[in-house]
Amino acid sequence: MKDATAIAGIGQTPFAKRLPESEKTLACRAILAALDDAGIAPSEVDAFASYTMEETDEVEVAKAIGAGDVTFFSKVGYGGGGSCATVAHLAAAIATGQASVGVAWRSRKRGSGPRPWTNTRAQLPTPAQWTRPYGLLRPADEIGLLARRYMHEYGATRDHFFNVALACRNRANQNPAAIMYDRPLTREMYMTARWISEPLCLFDNCLETDGALACVVVSAERARDCRQRPVYVHSAAQGLPAQHHGMVNYWNDDPLTGPSWTAARRLWKTADFGPQDVDVAQIYDAFTPLIPLSLEGYGFCGRGEGAAFTEGGALEIGGRLPLNTGGGGLSEAYVHGFNLITEGVRQLRGTGTAQVPGATTCLVTAGEGVPTSALLMRS
């Protein structure tokens, strides 16, 4: 699969707390925008990939956009953990001749919609039976537990989490499409913000957003004839570690060694370059502590060194590893991480609103703490 396929088009709707359109309408608009970006007619689409949590489905989407016969379709589980895997599944299908034009998308009305954990009538899934009765009702509560352990074992502080929040907000302040475009963040604002689930304050948590995004995957050969500069899918991986328990990792020997470690081993094994060669990273940031955990998992620093890695402007443009250059889930929009994929494409095209000069390699990751996935892309 190495460099056999490329992302040829990307598209998105506006992001907002509340959008009037349905999730299906938003999905179709993002997909049509991505196809137009690539210069490919909807009738040529013959593959789809999305999340199991996606409320729209390929049957309705295919009809609505005017797709032709579809020969491949796939859904990936575990919410934000599935983002990069949607592209990986399409890349595999195209590289093996099962399809020629694939579309991956995520449409979500979480800003104006309900929170899934508020439904007390639904029977708890098996993992939740070990967490929710004991007060871990929301993802923020579960990650708060991991964050406190990380702080205890490795000396991470709230200043380290602030470094993450600030880097994402600074990039959003350069991105007119970001929800937090005109809202700077200061250390005082962060340190005095209300708790969501201690030690996580308001600014440690991602946004809740309405919006949709999509991308188009084709063969590398075809991508060279499309409208935009190709961004090649160099390596892809999914990761589900042994004895995993979502978010809290109760049964792992080390709860702080999450799915990113499993995905990373496969990702780098099939790549021609390593962490030291990554020019820009789009790392899943539903919560700020996930960044230092992911920095360690994907090999940018040693075990327990992720917090210290964030110091000295390391995550800013010009730093050791420019991060989430569109603002990420913390400050651009939270659409289960799909905006990290599209921002990675923009960086490698050279069209980012906070462009990393000369960027030719990009790591994109999906949700840490759940069965995850990752992409290495190159220009």
# chains A, B, ... in the order shown; residues from 1 in each chain; ligands from 1

call {"tool": "residues_around", "arguments": {"residues": "Val70 of chain A", "least_positions_apart": "2", "cutoff": "8 Å", "atoms": "only C-alpha atoms", "output": "list in words"}}
result
Val45, Asp46, Ala47, Phe48, Ala67, Gly68, Phe72 and Phe73 of chain A

call {"tool": "write_last_selection", "arguments": {"atoms": "N, CA, C and O atoms", "output": "PDB file, in the first residue's frame"}}
result
ATOM      1  N   VAL A  45     -17.726   7.764  -8.164  1.00  0.00           N
ATOM      2  CA  VAL A  45     -17.487   7.227  -6.825  1.00  0.00           C
ATOM      3  C   VAL A  45     -17.994   5.788  -6.739  1.00  0.00           C
ATOM      4  O   VAL A  45     -19.148   5.503  -7.065  1.00  0.00           O
ATOM      5  N   ASP A  46     -17.112   4.870  -6.330  1.00  0.00           N
ATOM      6  CA  ASP A  46     -17.518   3.471  -6.201  1.00  0.00           C
ATOM      7  C   ASP A  46     -17.100   2.859  -4.863  1.00  0.00           C
ATOM      8  O   ASP A  46     -17.131   1.642  -4.694  1.00  0.00           O
ATOM      9  N   ALA A  47     -16.706   3.718  -3.883  1.00  0.00           N
ATOM     10  CA  ALA A  47     -16.329   3.212  -2.568  1.00  0.00           C
ATOM     11  C   ALA A  47     -16.638   4.251  -1.505  1.00  0.00           C
ATOM     12  O   ALA A  47     -16.469   5.462  -1.740  1.00  0.00           O
ATOM     13  N   PHE A  48     -17.062   3.771  -0.350  1.00  0.00           N
ATOM     14  CA  PHE A  48     -17.365   4.649   0.776  1.00  0.00           C
ATOM     15  C   PHE A  48     -16.779   4.049   2.053  1.00  0.00           C
ATOM     16  O   PHE A  48     -16.733   2.833   2.218  1.00  0.00           O
ATOM     17  N   ALA A  67     -23.911   8.897  -7.042  1.00  0.00           N
ATOM     18  CA  ALA A  67     -22.833   7.943  -7.276  1.00  0.00           C
ATOM     19  C   ALA A  67     -23.302   6.840  -8.215  1.00  0.00           C
ATOM     20  O   ALA A  67     -24.506   6.598  -8.389  1.00  0.00           O
ATOM     21  N   GLY A  68     -22.331   6.149  -8.832  1.00  0.00           N
ATOM     22  CA  GLY A  68     -22.650   5.009  -9.678  1.00  0.00           C
ATOM     23  C   GLY A  68     -22.718   3.733  -8.858  1.00  0.00           C
ATOM     24  O   GLY A  68     -23.057   3.758  -7.675  1.00  0.00           O
ATOM     25  N   PHE A  72     -17.329  -1.176  -2.939  1.00  0.00           N
ATOM     26  CA  PHE A  72     -16.682  -1.327  -1.638  1.00  0.00           C
ATOM     27  C   PHE A  72     -17.311  -0.350  -0.667  1.00  0.00           C
ATOM     28  O   PHE A  72     -17.528   0.820  -1.000  1.00  0.00           O
ATOM     29  N   PHE A  73     -17.606  -0.823   0.557  1.00  0.00           N
ATOM     30  CA  PHE A  73     -18.083   0.070   1.616  1.00  0.00           C
ATOM     31  C   PHE A  73     -17.689  -0.511   2.951  1.00  0.00           C
ATOM     32  O   PHE A  73     -17.656  -1.720   3.141  1.00  0.00           O
TER      33      PHE A  73
END

call {"tool": "closest_residue", "arguments": {"among": "A:Gly80, A:Gly155, A:Gly367, A:Pro176", "to": "Ala307 of chain A", "atoms": "only C-alpha atoms"}}
result
A:Gly155

call {"tool": "atom_distance", "arguments": {"atom1": "atom CA of Ala156 of chain A", "atom2": "atom CA of Gly306 of chain A"}}
result
8.5 Å

call {"tool": "residues_around", "arguments": {"residues": "segment 189-194 of chain A", "least_positions_apart": "5", "cutoff": "12 Å", "atoms": "only C-alpha atoms", "output": "JSON, numbers by chain"}}
result
{"A": [157, 158, 159, 160, 161, 162, 163, 164, 165, 166, 169, 183, 184, 199, 200, 201, 202, 203, 204, 205]}

call {"tool": "atom_distance", "arguments": {"atom1": "atom CA of Met151 of chain A", "atom2": "atom CA of Leu136 of chain A"}}
result
18.6 Å

call {"tool": "residues_around", "arguments": {"residues": "segment 260-267 of chain A", "least_positions_apart": "5", "cutoff": "8 Å", "atoms": "only C-alpha atoms", "output": "ChimeraX atom specification"}}
result
/A:235-241,294,297-299,368-369,372-376

call {"tool": "write_last_selection", "arguments": {"atoms": "all heavy atoms", "output": "compact mmCIF listing (two decimals), in the first residue's frame"}}
result
# COMPACT_ATOMS: atom_id res chain seq x y z
N SER A 235 1.72 5.32 4.88
CA SER A 235 1.58 4.20 5.81
C SER A 235 0.31 4.41 6.61
O SER A 235 -0.10 5.55 6.85
CB SER A 235 2.80 4.11 6.74
OG SER A 235 2.67 3.04 7.65
N ALA A 236 -0.31 3.30 7.01
CA ALA A 236 -1.54 3.37 7.81
C ALA A 236 -1.59 2.21 8.77
O ALA A 236 -1.02 1.14 8.49
CB ALA A 236 -2.77 3.37 6.91
N ALA A 237 -2.23 2.40 9.90
CA ALA A 237 -2.30 1.34 10.90
C ALA A 237 -3.51 1.54 11.79
O ALA A 237 -4.00 2.66 11.97
CB ALA A 237 -1.03 1.31 11.75
N GLN A 238 -3.98 0.44 12.35
CA GLN A 238 -4.96 0.46 13.43
C GLN A 238 -4.32 -0.19 14.65
O GLN A 238 -3.33 -0.92 14.52
CB GLN A 238 -6.24 -0.27 13.04
CG GLN A 238 -7.05 0.45 11.97
CD GLN A 238 -8.32 -0.28 11.59
OE1 GLN A 238 -8.37 -0.98 10.60
NE2 GLN A 238 -9.37 -0.09 12.40
N GLY A 239 -4.87 0.10 15.84
CA GLY A 239 -4.27 -0.43 17.05
C GLY A 239 -5.29 -0.75 18.12
O GLY A 239 -6.07 0.12 18.53
N LEU A 240 -5.31 -2.00 18.57
CA LEU A 240 -6.14 -2.46 19.68
C LEU A 240 -5.25 -3.32 20.58
O LEU A 240 -4.96 -4.47 20.27
CB LEU A 240 -7.33 -3.28 19.16
CG LEU A 240 -8.17 -4.07 20.17
CD1 LEU A 240 -8.70 -3.16 21.26
CD2 LEU A 240 -9.31 -4.79 19.46
N PRO A 241 -4.75 -2.77 21.67
CA PRO A 241 -3.80 -3.51 22.51
C PRO A 241 -4.46 -4.64 23.29
O PRO A 241 -5.68 -4.65 23.50
CB PRO A 241 -3.26 -2.44 23.46
CG PRO A 241 -4.34 -1.41 23.52
CD PRO A 241 -4.99 -1.41 22.17
N SER A 294 0.18 10.59 23.47
CA SER A 294 0.39 10.21 22.07
C SER A 294 1.81 10.51 21.61
O SER A 294 2.38 9.76 20.81
CB SER A 294 -0.62 10.95 21.17
OG SER A 294 -1.95 10.55 21.46
N GLY A 297 3.59 7.53 22.70
CA GLY A 297 3.19 6.34 21.97
C GLY A 297 3.74 6.28 20.56
O GLY A 297 4.13 5.21 20.08
N TYR A 298 3.78 7.43 19.88
CA TYR A 298 4.25 7.46 18.49
C TYR A 298 5.75 7.74 18.38
O TYR A 298 6.26 7.92 17.28
CB TYR A 298 3.44 8.48 17.69
CG TYR A 298 2.05 7.96 17.40
CD1 TYR A 298 0.96 8.35 18.18
CD2 TYR A 298 1.83 7.03 16.39
CE1 TYR A 298 -0.31 7.85 17.94
CE2 TYR A 298 0.56 6.52 16.14
CZ TYR A 298 -0.51 6.93 16.92
OH TYR A 298 -1.76 6.42 16.69
N GLY A 299 6.45 7.74 19.51
CA GLY A 299 7.90 7.71 19.48
C GLY A 299 8.60 9.04 19.36
O GLY A 299 9.80 9.08 19.03
N GLU A 368 -6.73 8.56 20.99
CA GLU A 368 -6.00 7.75 21.95
C GLU A 368 -6.95 7.43 23.11
O GLU A 368 -7.81 8.22 23.48
CB GLU A 368 -4.78 8.53 22.47
CG GLU A 368 -4.07 7.92 23.66
CD GLU A 368 -3.44 6.55 23.38
OE1 GLU A 368 -3.96 5.82 22.53
OE2 GLU A 368 -2.45 6.22 24.03
N GLY A 369 -6.79 6.23 23.67
CA GLY A 369 -7.69 5.79 24.74
C GLY A 369 -8.76 4.83 24.26
O GLY A 369 -9.40 4.15 25.06
N THR A 372 -7.66 2.55 17.98
CA THR A 372 -7.31 3.75 17.24
C THR A 372 -6.76 3.45 15.85
O THR A 372 -6.71 2.29 15.42
CB THR A 372 -6.32 4.59 18.05
OG1 THR A 372 -6.21 5.89 17.49
CG2 THR A 372 -4.94 3.94 18.11
N SER A 373 -6.34 4.49 15.17
CA SER A 373 -5.75 4.37 13.84
C SER A 373 -4.88 5.58 13.59
O SER A 373 -4.95 6.58 14.30
CB SER A 373 -6.85 4.27 12.76
OG SER A 373 -7.77 5.35 12.87
N ALA A 374 -4.01 5.47 12.57
CA ALA A 374 -3.09 6.56 12.27
C ALA A 374 -2.70 6.51 10.81
O ALA A 374 -2.75 5.45 10.17
CB ALA A 374 -1.85 6.48 13.16
N LEU A 375 -2.30 7.66 10.29
CA LEU A 375 -1.83 7.79 8.92
C LEU A 375 -0.51 8.53 8.88
O LEU A 375 -0.31 9.50 9.62
CB LEU A 375 -2.82 8.61 8.07
CG LEU A 375 -4.20 8.04 7.74
CD1 LEU A 375 -5.03 9.11 7.05
CD2 LEU A 375 -4.08 6.81 6.86
N LEU A 376 0.37 8.08 8.01
CA LEU A 376 1.53 8.88 7.60
C LEU A 376 1.28 9.31 6.17
O LEU A 376 1.02 8.47 5.29
CB LEU A 376 2.82 8.07 7.68
CG LEU A 376 3.39 7.82 9.07
CD1 LEU A 376 4.61 6.90 8.96
CD2 LEU A 376 3.78 9.13 9.74

call {"tool": "atom_distance", "arguments": {"atom1": "atom CA of Ala147 of chain A", "atom2": "atom CA of Ala167 of chain A"}}
result
18.8 Å

call {"tool": "closest_atom_pairs", "arguments": {"of": "segment 132-205 of chain A", "to": "segment 250-255 of chain A", "cutoff": "10 Å", "atoms": "only C-alpha atoms", "output": "Markdown table"}}
result
| residue | atom | partner | partner_atom | distance |
| --- | --- | --- | --- | --- |
| A:Leu146 | CA | A:Pro255 | CA | 7.6 |
| A:Arg149 | CA | A:Pro255 | CA | 9.0 |
| A:Tyr150 | CA | A:Pro255 | CA | 9.5 |

call {"tool": "closest_atom_pairs", "arguments": {"of": "segment 190-278 of chain A", "to": "segment 344-353 of chain A", "cutoff": "12 Å", "atoms": "only C-alpha atoms", "output": "JSON lines"}}
result
{"residue": "A:Ala214", "atom": "CA", "partner": "A:Val345", "partner_atom": "CA", "distance": 11.6}
{"residue": "A:Cys215", "atom": "CA", "partner": "A:Val345", "partner_atom": "CA", "distance": 9.4}
{"residue": "A:Val216", "atom": "CA", "partner": "A:Val345", "partner_atom": "CA", "distance": 11.1}
{"residue": "A:Val217", "atom": "CA", "partner": "A:Val345", "partner_atom": "CA", "distance": 11.7}
{"residue": "A:Arg227", "atom": "CA", "partner": "A:Arg349", "partner_atom": "CA", "distance": 11.7}
{"residue": "A:Gln228", "atom": "CA", "partner": "A:Arg349", "partner_atom": "CA", "distance": 8.0}
{"residue": "A:Arg229", "atom": "CA", "partner": "A:Arg349", "partner_atom": "CA", "distance": 6.0}
{"residue": "A:Pro230", "atom": "CA", "partner": "A:Arg349", "partner_atom": "CA", "distance": 7.7}
{"residue": "A:Val231", "atom": "CA", "partner": "A:Val345", "partner_atom": "CA", "distance": 6.3}
{"residue": "A:Tyr232", "atom": "CA", "partner": "A:Val345", "partner_atom": "CA", "distance": 9.2}
{"residue": "A:Val233", "atom": "CA", "partner": "A:Val345", "partner_atom": "CA", "distance": 10.3}
{"residue": "A:Val278", "atom": "CA", "partner": "A:Leu348", "partner_atom": "CA", "distance": 11.5}

call {"tool": "select_by_dssp", "arguments": {"residues": "segment 76-231 of chain A", "states": "strand (DSSP E or B)", "output": "VMD selection string"}}
result
chain A and resid 76 102 to 109 195 to 197 200 to 201 205 210 to 219 231

call {"tool": "select_by_dssp", "arguments": {"residues": "segment 108-217 of chain A", "states": "alpha helix (DSSP H)", "output": "ChimeraX atom specification"}}
result
/A:139-154,158-172,187-191

call {"tool": "decode", "arguments": {"residues": "segment 163-195 of chain A", "atoms": "N, CA and C atoms", "output": "PDB file, in the first residue's frame"}}
result
ATOM      1  N   ASN A 163       0.097  24.184  27.706  1.00  0.00           N
ATOM      2  CA  ASN A 163       0.914  24.302  26.494  1.00  0.00           C
ATOM      3  C   ASN A 163       0.193  23.722  25.285  1.00  0.00           C
ATOM      4  N   VAL A 164      -0.491  22.604  25.497  1.00  0.00           N
ATOM      5  CA  VAL A 164      -1.244  21.971  24.416  1.00  0.00           C
ATOM      6  C   VAL A 164      -2.425  22.843  24.009  1.00  0.00           C
ATOM      7  N   ALA A 165      -3.207  23.261  24.993  1.00  0.00           N
ATOM      8  CA  ALA A 165      -4.381  24.089  24.701  1.00  0.00           C
ATOM      9  C   ALA A 165      -3.984  25.376  23.997  1.00  0.00           C
ATOM     10  N   LEU A 166      -2.877  25.978  24.428  1.00  0.00           N
ATOM     11  CA  LEU A 166      -2.443  27.242  23.840  1.00  0.00           C
ATOM     12  C   LEU A 166      -1.983  27.064  22.396  1.00  0.00           C
ATOM     13  N   ALA A 167      -1.223  26.005  22.118  1.00  0.00           N
ATOM     14  CA  ALA A 167      -0.754  25.778  20.754  1.00  0.00           C
ATOM     15  C   ALA A 167      -1.933  25.611  19.802  1.00  0.00           C
ATOM     16  N   CYS A 168      -2.937  24.839  20.222  1.00  0.00           N
ATOM     17  CA  CYS A 168      -4.112  24.647  19.370  1.00  0.00           C
ATOM     18  C   CYS A 168      -4.893  25.952  19.197  1.00  0.00           C
ATOM     19  N   ARG A 169      -5.026  26.713  20.284  1.00  0.00           N
ATOM     20  CA  ARG A 169      -5.762  27.972  20.180  1.00  0.00           C
ATOM     21  C   ARG A 169      -5.009  28.985  19.309  1.00  0.00           C
ATOM     22  N   ASN A 170      -3.690  29.026  19.431  1.00  0.00           N
ATOM     23  CA  ASN A 170      -2.919  29.952  18.596  1.00  0.00           C
ATOM     24  C   ASN A 170      -3.106  29.656  17.119  1.00  0.00           C
ATOM     25  N   ARG A 171      -3.178  28.373  16.762  1.00  0.00           N
ATOM     26  CA  ARG A 171      -3.376  28.014  15.356  1.00  0.00           C
ATOM     27  C   ARG A 171      -4.809  28.337  14.920  1.00  0.00           C
ATOM     28  N   ALA A 172      -5.770  28.124  15.803  1.00  0.00           N
ATOM     29  CA  ALA A 172      -7.151  28.476  15.471  1.00  0.00           C
ATOM     30  C   ALA A 172      -7.290  29.975  15.250  1.00  0.00           C
ATOM     31  N   ASN A 173      -6.529  30.765  15.993  1.00  0.00           N
ATOM     32  CA  ASN A 173      -6.577  32.223  15.825  1.00  0.00           C
ATOM     33  C   ASN A 173      -6.068  32.670  14.465  1.00  0.00           C
ATOM     34  N   GLN A 174      -5.418  31.763  13.729  1.00  0.00           N
ATOM     35  CA  GLN A 174      -4.967  32.043  12.365  1.00  0.00           C
ATOM     36  C   GLN A 174      -5.882  31.432  11.307  1.00  0.00           C
ATOM     37  N   ASN A 175      -6.917  30.725  11.733  1.00  0.00           N
ATOM     38  CA  ASN A 175      -7.767  29.957  10.827  1.00  0.00           C
ATOM     39  C   ASN A 175      -9.187  30.524  10.830  1.00  0.00           C
ATOM     40  N   PRO A 176      -9.589  31.241   9.796  1.00  0.00           N
ATOM     41  CA  PRO A 176     -10.925  31.853   9.785  1.00  0.00           C
ATOM     42  C   PRO A 176     -12.071  30.846   9.886  1.00  0.00           C
ATOM     43  N   ALA A 177     -11.819  29.578   9.542  1.00  0.00           N
ATOM     44  CA  ALA A 177     -12.877  28.572   9.620  1.00  0.00           C
ATOM     45  C   ALA A 177     -13.054  28.024  11.027  1.00  0.00           C
ATOM     46  N   ALA A 178     -12.127  28.317  11.928  1.00  0.00           N
ATOM     47  CA  ALA A 178     -12.155  27.756  13.272  1.00  0.00           C
ATOM     48  C   ALA A 178     -13.191  28.458  14.138  1.00  0.00           C
ATOM     49  N   ILE A 179     -13.846  27.694  14.989  1.00  0.00           N
ATOM     50  CA  ILE A 179     -14.822  28.279  15.905  1.00  0.00           C
ATOM     51  C   ILE A 179     -14.149  29.281  16.840  1.00  0.00           C
ATOM     52  N   MET A 180     -12.902  29.024  17.230  1.00  0.00           N
ATOM     53  CA  MET A 180     -12.186  29.903  18.149  1.00  0.00           C
ATOM     54  C   MET A 180     -11.255  30.883  17.426  1.00  0.00           C
ATOM     55  N   TYR A 181     -11.571  31.182  16.190  1.00  0.00           N
ATOM     56  CA  TYR A 181     -10.719  32.060  15.372  1.00  0.00           C
ATOM     57  C   TYR A 181     -10.430  33.396  16.046  1.00  0.00           C
ATOM     58  N   ASP A 182     -11.436  34.020  16.623  1.00  0.00           N
ATOM     59  CA  ASP A 182     -11.281  35.366  17.178  1.00  0.00           C
ATOM     60  C   ASP A 182     -11.292  35.372  18.705  1.00  0.00           C
ATOM     61  N   ARG A 183     -10.865  34.258  19.309  1.00  0.00           N
ATOM     62  CA  ARG A 183     -10.915  34.154  20.768  1.00  0.00           C
ATOM     63  C   ARG A 183      -9.572  33.657  21.304  1.00  0.00           C
ATOM     64  N   PRO A 184      -8.625  34.556  21.551  1.00  0.00           N
ATOM     65  CA  PRO A 184      -7.321  34.161  22.099  1.00  0.00           C
ATOM     66  C   PRO A 184      -7.460  33.551  23.488  1.00  0.00           C
ATOM     67  N   LEU A 185      -6.450  32.763  23.860  1.00  0.00           N
ATOM     68  CA  LEU A 185      -6.418  32.113  25.163  1.00  0.00           C
ATOM     69  C   LEU A 185      -5.181  32.568  25.910  1.00  0.00           C
ATOM     70  N   THR A 186      -5.336  32.887  27.190  1.00  0.00           N
ATOM     71  CA  THR A 186      -4.204  33.259  28.034  1.00  0.00           C
ATOM     72  C   THR A 186      -4.055  32.242  29.165  1.00  0.00           C
ATOM     73  N   ARG A 187      -2.890  32.265  29.794  1.00  0.00           N
ATOM     74  CA  ARG A 187      -2.656  31.362  30.907  1.00  0.00           C
ATOM     75  C   ARG A 187      -3.619  31.655  32.055  1.00  0.00           C
ATOM     76  N   GLU A 188      -3.877  32.928  32.305  1.00  0.00           N
ATOM     77  CA  GLU A 188      -4.802  33.282  33.384  1.00  0.00           C
ATOM     78  C   GLU A 188      -6.202  32.732  33.099  1.00  0.00           C
ATOM     79  N   MET A 189      -6.658  32.865  31.863  1.00  0.00           N
ATOM     80  CA  MET A 189      -7.962  32.309  31.501  1.00  0.00           C
ATOM     81  C   MET A 189      -8.005  30.809  31.751  1.00  0.00           C
ATOM     82  N   TYR A 190      -6.931  30.137  31.362  1.00  0.00           N
ATOM     83  CA  TYR A 190      -6.871  28.686  31.534  1.00  0.00           C
ATOM     84  C   TYR A 190      -6.882  28.306  33.012  1.00  0.00           C
ATOM     85  N   MET A 191      -6.034  28.937  33.790  1.00  0.00           N
ATOM     86  CA  MET A 191      -5.875  28.535  35.190  1.00  0.00           C
ATOM     87  C   MET A 191      -7.083  28.880  36.056  1.00  0.00           C
ATOM     88  N   THR A 192      -7.891  29.809  35.643  1.00  0.00           N
ATOM     89  CA  THR A 192      -9.070  30.194  36.430  1.00  0.00           C
ATOM     90  C   THR A 192     -10.372  29.649  35.844  1.00  0.00           C
ATOM     91  N   ALA A 193     -10.280  28.850  34.783  1.00  0.00           N
ATOM     92  CA  ALA A 193     -11.477  28.300  34.157  1.00  0.00           C
ATOM     93  C   ALA A 193     -12.140  27.274  35.074  1.00  0.00           C
ATOM     94  N   ARG A 194     -13.421  27.060  34.861  1.00  0.00           N
ATOM     95  CA  ARG A 194     -14.171  26.114  35.697  1.00  0.00           C
ATOM     96  C   ARG A 194     -13.721  24.684  35.404  1.00  0.00           C
ATOM     97  N   TRP A 195     -13.817  23.853  36.409  1.00  0.00           N
ATOM     98  CA  TRP A 195     -13.524  22.435  36.242  1.00  0.00           C
ATOM     99  C   TRP A 195     -14.618  21.755  35.433  1.00  0.00           C
TER     100      TRP A 195
END
